[in-house]
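Engineer: Take this structure, written in C-alpha cells, and hold onto it; I'll ask about it next.
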Amino acid sequence: MKLRYSIALSIPLMSASAMAADLALKFEIPQLNVAEYHRPYVAVWLEGADQKVLANLSVLYDVKKKDNAGTKWLKDMRQWWRKSGRDLAMPMDGVSGATRAPGEHTLSFPGAKAALDKLPAGDYQVVIEATREAGGRELVRVPFQWPPKSALALPAKGKEELGAVAVQLKP
C-alpha cells in the first residue's frame, strides 16, 4: 500500500494580519505614601479606532475573596465596566488574575490568545485602567498600528495610580 501526501496544496496562504505577532504590556504600579493602601484593580483591553472593545486582555482583581466577592468592586473600573465588564462572567479563564503589588509588571499576549491574529491592518489602542479602594482611578491609552512592521516599544505615562506604561509589539 502506497501513501502519498501533497504538502504544497495543504499550506494556506496567509495575509499579513494573520501572521504571528505578539503584544506585551509593561506597566508600573507606583508605591504611594498613604495611610490606607490597597492594591489596585487593573483592566487591560484592546480597542479599535472607533473605541469599541475588541478583546479583554487582562483583569486583575482580588480573586481569592470568599464566594467570588472581589467581583463586587470591578465596577469601580468605570470605563472598562461600561464598555464590556458588566457583560462578562468572572473569573475569565486566561484573562483574570490576582492584583499586583507596587512595582513593574509585564503581561504578555501571544497573537492567538489576544485575538491579534484576526485583526485587520489598522489603528488600535491598548487601554489600561486602574482603580484603588480609598484611592484614585486612572486610564491610559496607548495607540498603535497593526500589524507591526518591526519590534516597537510605545511609551505612555500615568499620573497617580499608574506610572510608566509601555506597549511592546513584535512581528
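Ligands are numbered from 1 in the order shown, residues from 1 within each chain, and chains are lettered A, B, ... in the order they appear in the C-alpha cells.
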I'd like a table as a tab-separated table: residues in stretch 60-142 of chain A with an atom no more than 9 Å from stretch 50-56 of chain A, each row giving the shortest atom pair and its distance in Å to one decimal, only C-alpha atoms counted, sorted by chain and rising residue number.

Structural biologist:
residue	atom	partner	partner_atom	distance
A:Trp80	CA	A:Val53	CA	8.9
A:Lys83	CA	A:Val53	CA	6.8
A:Ser84	CA	A:Val53	CA	7.0
A:Gly85	CA	A:Asn56	CA	8.8
A:Val95	CA	A:Asn56	CA	7.2
A:Ala114	CA	A:Ala55	CA	6.7
A:Ala115	CA	A:Ala55	CA	6.8
A:Leu116	CA	A:Ala55	CA	8.9
A:Tyr124	CA	A:Gln51	CA	8.4
A:Gln125	CA	A:Gln51	CA	8.2

Engineer: Kindly export the residues of the current selection with N, CA, C and O atoms, as a compact mmCIF listing (two decimals), in the first residue's frame.

Structural biologist:
# COMPACT_ATOMS: atom_id res chain seq x y z
N TRP A 80 -13.92 50.43 31.71
CA TRP A 80 -13.94 49.02 31.34
C TRP A 80 -15.31 48.42 31.65
O TRP A 80 -15.86 47.69 30.83
N LYS A 83 -17.94 49.52 29.11
CA LYS A 83 -17.71 49.05 27.74
C LYS A 83 -17.86 47.55 27.59
O LYS A 83 -18.34 47.09 26.57
N SER A 84 -17.44 46.76 28.59
CA SER A 84 -17.55 45.31 28.43
C SER A 84 -17.64 44.53 29.73
O SER A 84 -18.14 43.41 29.72
N GLY A 85 -17.17 45.08 30.83
CA GLY A 85 -17.08 44.32 32.08
C GLY A 85 -18.39 43.80 32.61
O GLY A 85 -18.47 42.66 33.08
N VAL A 95 -7.75 35.33 31.44
CA VAL A 95 -7.84 36.79 31.46
C VAL A 95 -7.76 37.30 32.89
O VAL A 95 -7.08 38.27 33.17
N ALA A 114 -4.72 36.87 22.34
CA ALA A 114 -5.29 38.21 22.42
C ALA A 114 -6.14 38.56 21.21
O ALA A 114 -6.50 39.70 21.02
N ALA A 115 -6.46 37.58 20.38
CA ALA A 115 -7.24 37.79 19.16
C ALA A 115 -6.52 38.70 18.17
O ALA A 115 -7.13 39.27 17.29
N LEU A 116 -5.22 38.84 18.33
CA LEU A 116 -4.45 39.69 17.44
C LEU A 116 -4.32 39.09 16.05
O LEU A 116 -4.24 39.82 15.06
N TYR A 124 -5.26 50.93 16.31
CA TYR A 124 -5.84 50.36 17.52
C TYR A 124 -5.24 51.05 18.72
O TYR A 124 -4.32 51.86 18.60
N GLN A 125 -5.74 50.68 19.89
CA GLN A 125 -5.12 51.16 21.12
C GLN A 125 -5.30 50.13 22.23
O GLN A 125 -6.31 49.44 22.30

Engineer: Using only C-alpha atoms, determine which residues lie at most 12 Å from A:Trp81, disregarding the query and same-chain residues fewer than 5 positions distant; provide the list as a list in words.

Structural biologist: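 The residues satisfying every condition are Tyr41, Val42, Ala43, Val44, Trp45, Val53, Asn56, Val59, Thr71, Lys72, Trp73, Leu74, Lys75, Asp76, Arg86, Asp87, Leu88, Glu129, Ala130 and Thr131 of chain A.
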
Engineer: Please, could you write that set of residues out with C-alpha atoms as a JSON list (two decimals), in the first residue's frame?

Structural biologist:
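So result_13.json came out as:
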[["chain", "number", "residue", "atom", "x", "y", "z"],
["A", 41, "TYR", "CA", -7.73, 46.56, 40.36],
["A", 42, "VAL", "CA", -6.45, 46.76, 36.78],
["A", 43, "ALA", "CA", -8.21, 46.08, 33.48],
["A", 44, "VAL", "CA", -6.45, 45.91, 30.11],
["A", 45, "TRP", "CA", -8.31, 45.77, 26.82],
["A", 53, "VAL", "CA", -13.74, 46.86, 22.74],
["A", 56, "ASN", "CA", -10.33, 41.91, 27.05],
["A", 59, "VAL", "CA", -8.48, 41.83, 34.54],
["A", 71, "THR", "CA", -16.03, 40.94, 41.68],
["A", 72, "LYS", "CA", -18.18, 43.38, 43.66],
["A", 73, "TRP", "CA", -15.59, 46.13, 43.11],
["A", 74, "LEU", "CA", -14.93, 45.53, 39.41],
["A", 75, "LYS", "CA", -17.50, 48.19, 38.52],
["A", 76, "ASP", "CA", -15.15, 50.79, 40.02],
["A", 86, "ARG", "CA", -20.72, 44.17, 33.10],
["A", 87, "ASP", "CA", -21.42, 41.63, 30.35],
["A", 88, "LEU", "CA", -18.71, 39.20, 31.48],
["A", 129, "GLU", "CA", -7.43, 51.30, 33.70],
["A", 130, "ALA", "CA", -6.51, 51.13, 37.38],
["A", 131, "THR", "CA", -8.60, 51.94, 40.43]]

Engineer: Can you list, as a ChimeraX atom specification, all residues belonging to chain A that DSSP tags as strand (DSSP E)?

Structural biologist: /A:22-29,41-48,53-61,96-98,103-110,122-131,137-146,152-157,164-170

Engineer: Just the number, please: distance in Å from atom CA of A:Gly97 to atom CA of A:Phe109, one decimal.

Structural biologist: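 We find that atom CA of A:Gly97 and atom CA of A:Phe109 lie 13.8 Å from each other.
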
Engineer: Per residue of stretch 31-118 of chain A within 12 Å of stretch 150-161 of chain A, note the shortest atom pair and the distance in Å to one decimal, counting only C-alpha atoms, and order the rows by chain and increasing residue number, as a tab-separated table.

Structural biologist:
residue	atom	partner	partner_atom	distance
A:Gln31	CA	A:Glu161	CA	9.1
A:Leu32	CA	A:Glu160	CA	8.4
A:Asn33	CA	A:Glu160	CA	11.3
A:Tyr37	CA	A:Glu161	CA	11.4
A:His38	CA	A:Glu161	CA	11.1
A:Arg39	CA	A:Glu161	CA	9.9
A:Pro40	CA	A:Glu161	CA	7.7
A:Tyr41	CA	A:Glu161	CA	10.1
A:Val42	CA	A:Glu161	CA	9.9
A:Ala101	CA	A:Glu161	CA	11.9
A:Pro102	CA	A:Glu161	CA	9.9
A:Gly103	CA	A:Glu161	CA	11.6

Engineer: Determine the nearest neighbour of A:Leu139 from the options A:Leu119, A:Ala35, A:Val126, A:Ala21, counting only C-alpha atoms.

Structural biologist: A:Val126

Engineer: Have a look at A:Ala49, A:Asp67, A:Pro110, A:Val127 and name the one nearest to A:Arg141; count only C-alpha atoms.

Structural biologist: A:Val127

Engineer: One number please: atom CA of A:Val165 to atom CA of A:Lys64, in Å, one decimal.

Structural biologist: 26.4 Å

Engineer: As an MDAnalysis selection string, list the residues of stretch 46-130 of chain A assigned to helix (DSSP H, G or I) by DSSP on the backbone atoms of this structure.

Structural biologist: chainID A and resid 66:76 78:83 85:87 116:118

Engineer: Could those selected residues go to a file with N, CA, C and O atoms, as a PDB file, in the first residue's frame?

Structural biologist:
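As written to disk, result11.pdb reads:
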ATOM      1  N   LYS A  66     -13.608  35.113  49.391  1.00  0.00           N
ATOM      2  CA  LYS A  66     -14.601  34.054  49.530  1.00  0.00           C
ATOM      3  C   LYS A  66     -15.850  34.365  48.700  1.00  0.00           C
ATOM      4  O   LYS A  66     -16.283  35.514  48.616  1.00  0.00           O
ATOM      5  N   ASP A  67     -16.412  33.360  48.089  1.00  0.00           N
ATOM      6  CA  ASP A  67     -17.628  33.457  47.292  1.00  0.00           C
ATOM      7  C   ASP A  67     -17.502  34.467  46.144  1.00  0.00           C
ATOM      8  O   ASP A  67     -18.464  35.138  45.769  1.00  0.00           O
ATOM      9  N   ASN A  68     -16.288  34.605  45.593  1.00  0.00           N
ATOM     10  CA  ASN A  68     -16.039  35.492  44.456  1.00  0.00           C
ATOM     11  C   ASN A  68     -16.423  36.945  44.768  1.00  0.00           C
ATOM     12  O   ASN A  68     -16.854  37.686  43.896  1.00  0.00           O
ATOM     13  N   ALA A  69     -16.265  37.363  46.024  1.00  0.00           N
ATOM     14  CA  ALA A  69     -16.669  38.702  46.466  1.00  0.00           C
ATOM     15  C   ALA A  69     -15.819  39.810  45.861  1.00  0.00           C
ATOM     16  O   ALA A  69     -16.240  40.963  45.835  1.00  0.00           O
ATOM     17  N   GLY A  70     -14.641  39.488  45.346  1.00  0.00           N
ATOM     18  CA  GLY A  70     -13.802  40.503  44.722  1.00  0.00           C
ATOM     19  C   GLY A  70     -14.439  41.119  43.491  1.00  0.00           C
ATOM     20  O   GLY A  70     -14.117  42.237  43.107  1.00  0.00           O
ATOM     21  N   THR A  71     -15.367  40.413  42.875  1.00  0.00           N
ATOM     22  CA  THR A  71     -16.028  40.941  41.677  1.00  0.00           C
ATOM     23  C   THR A  71     -16.926  42.130  41.996  1.00  0.00           C
ATOM     24  O   THR A  71     -17.252  42.910  41.107  1.00  0.00           O
ATOM     25  N   LYS A  72     -17.300  42.276  43.258  1.00  0.00           N
ATOM     26  CA  LYS A  72     -18.177  43.382  43.659  1.00  0.00           C
ATOM     27  C   LYS A  72     -17.581  44.737  43.305  1.00  0.00           C
ATOM     28  O   LYS A  72     -18.304  45.677  42.975  1.00  0.00           O
ATOM     29  N   TRP A  73     -16.252  44.846  43.310  1.00  0.00           N
ATOM     30  CA  TRP A  73     -15.588  46.128  43.113  1.00  0.00           C
ATOM     31  C   TRP A  73     -15.112  46.337  41.673  1.00  0.00           C
ATOM     32  O   TRP A  73     -14.556  47.386  41.367  1.00  0.00           O
ATOM     33  N   LEU A  74     -15.352  45.376  40.804  1.00  0.00           N
ATOM     34  CA  LEU A  74     -14.929  45.528  39.412  1.00  0.00           C
ATOM     35  C   LEU A  74     -15.575  46.734  38.743  1.00  0.00           C
ATOM     36  O   LEU A  74     -14.980  47.382  37.892  1.00  0.00           O
ATOM     37  N   LYS A  75     -16.790  47.048  39.139  1.00  0.00           N
ATOM     38  CA  LYS A  75     -17.497  48.186  38.522  1.00  0.00           C
ATOM     39  C   LYS A  75     -16.829  49.521  38.807  1.00  0.00           C
ATOM     40  O   LYS A  75     -17.127  50.515  38.154  1.00  0.00           O
ATOM     41  N   ASP A  76     -15.879  49.557  39.756  1.00  0.00           N
ATOM     42  CA  ASP A  76     -15.152  50.795  40.020  1.00  0.00           C
ATOM     43  C   ASP A  76     -14.173  51.136  38.891  1.00  0.00           C
ATOM     44  O   ASP A  76     -13.712  52.270  38.809  1.00  0.00           O
ATOM     45  N   ARG A  78     -14.552  52.102  35.879  1.00  0.00           N
ATOM     46  CA  ARG A  78     -15.765  52.582  35.199  1.00  0.00           C
ATOM     47  C   ARG A  78     -15.760  52.436  33.689  1.00  0.00           C
ATOM     48  O   ARG A  78     -16.756  52.021  33.105  1.00  0.00           O
ATOM     49  N   GLN A  79     -14.674  52.828  33.042  1.00  0.00           N
ATOM     50  CA  GLN A  79     -14.648  52.734  31.579  1.00  0.00           C
ATOM     51  C   GLN A  79     -14.746  51.289  31.122  1.00  0.00           C
ATOM     52  O   GLN A  79     -15.524  50.953  30.236  1.00  0.00           O
ATOM     53  N   TRP A  80     -13.921  50.430  31.714  1.00  0.00           N
ATOM     54  CA  TRP A  80     -13.939  49.024  31.340  1.00  0.00           C
ATOM     55  C   TRP A  80     -15.307  48.420  31.649  1.00  0.00           C
ATOM     56  O   TRP A  80     -15.860  47.685  30.831  1.00  0.00           O
ATOM     57  N   TRP A  81     -15.857  48.728  32.811  1.00  0.00           N
ATOM     58  CA  TRP A  81     -17.138  48.171  33.227  1.00  0.00           C
ATOM     59  C   TRP A  81     -18.242  48.547  32.240  1.00  0.00           C
ATOM     60  O   TRP A  81     -19.030  47.703  31.823  1.00  0.00           O
ATOM     61  N   ARG A  82     -18.301  49.807  31.849  1.00  0.00           N
ATOM     62  CA  ARG A  82     -19.348  50.265  30.931  1.00  0.00           C
ATOM     63  C   ARG A  82     -19.187  49.683  29.535  1.00  0.00           C
ATOM     64  O   ARG A  82     -20.178  49.404  28.872  1.00  0.00           O
ATOM     65  N   LYS A  83     -17.941  49.523  29.110  1.00  0.00           N
ATOM     66  CA  LYS A  83     -17.706  49.053  27.743  1.00  0.00           C
ATOM     67  C   LYS A  83     -17.858  47.551  27.595  1.00  0.00           C
ATOM     68  O   LYS A  83     -18.341  47.089  26.569  1.00  0.00           O
ATOM     69  N   GLY A  85     -17.167  45.075  30.828  1.00  0.00           N
ATOM     70  CA  GLY A  85     -17.081  44.322  32.077  1.00  0.00           C
ATOM     71  C   GLY A  85     -18.394  43.801  32.607  1.00  0.00           C
ATOM     72  O   GLY A  85     -18.471  42.665  33.081  1.00  0.00           O
ATOM     73  N   ARG A  86     -19.435  44.606  32.520  1.00  0.00           N
ATOM     74  CA  ARG A  86     -20.717  44.175  33.103  1.00  0.00           C
ATOM     75  C   ARG A  86     -21.338  42.996  32.365  1.00  0.00           C
ATOM     76  O   ARG A  86     -22.210  42.327  32.889  1.00  0.00           O
ATOM     77  N   ASP A  87     -20.877  42.739  31.148  1.00  0.00           N
ATOM     78  CA  ASP A  87     -21.418  41.633  30.352  1.00  0.00           C
ATOM     79  C   ASP A  87     -20.622  40.344  30.503  1.00  0.00           C
ATOM     80  O   ASP A  87     -20.939  39.344  29.858  1.00  0.00           O
ATOM     81  N   LEU A 116      -5.222  38.839  18.330  1.00  0.00           N
ATOM     82  CA  LEU A 116      -4.447  39.694  17.439  1.00  0.00           C
ATOM     83  C   LEU A 116      -4.320  39.088  16.046  1.00  0.00           C
ATOM     84  O   LEU A 116      -4.241  39.821  15.063  1.00  0.00           O
ATOM     85  N   ASP A 117      -4.296  37.767  15.968  1.00  0.00           N
ATOM     86  CA  ASP A 117      -4.136  37.129  14.670  1.00  0.00           C
ATOM     87  C   ASP A 117      -5.344  37.343  13.756  1.00  0.00           C
ATOM     88  O   ASP A 117      -5.272  37.097  12.565  1.00  0.00           O
ATOM     89  N   LYS A 118      -6.447  37.827  14.301  1.00  0.00           N
ATOM     90  CA  LYS A 118      -7.651  38.075  13.499  1.00  0.00           C
ATOM     91  C   LYS A 118      -7.843  39.557  13.157  1.00  0.00           C
ATOM     92  O   LYS A 118      -8.805  39.916  12.491  1.00  0.00           O
TER      93      LYS A 118
END
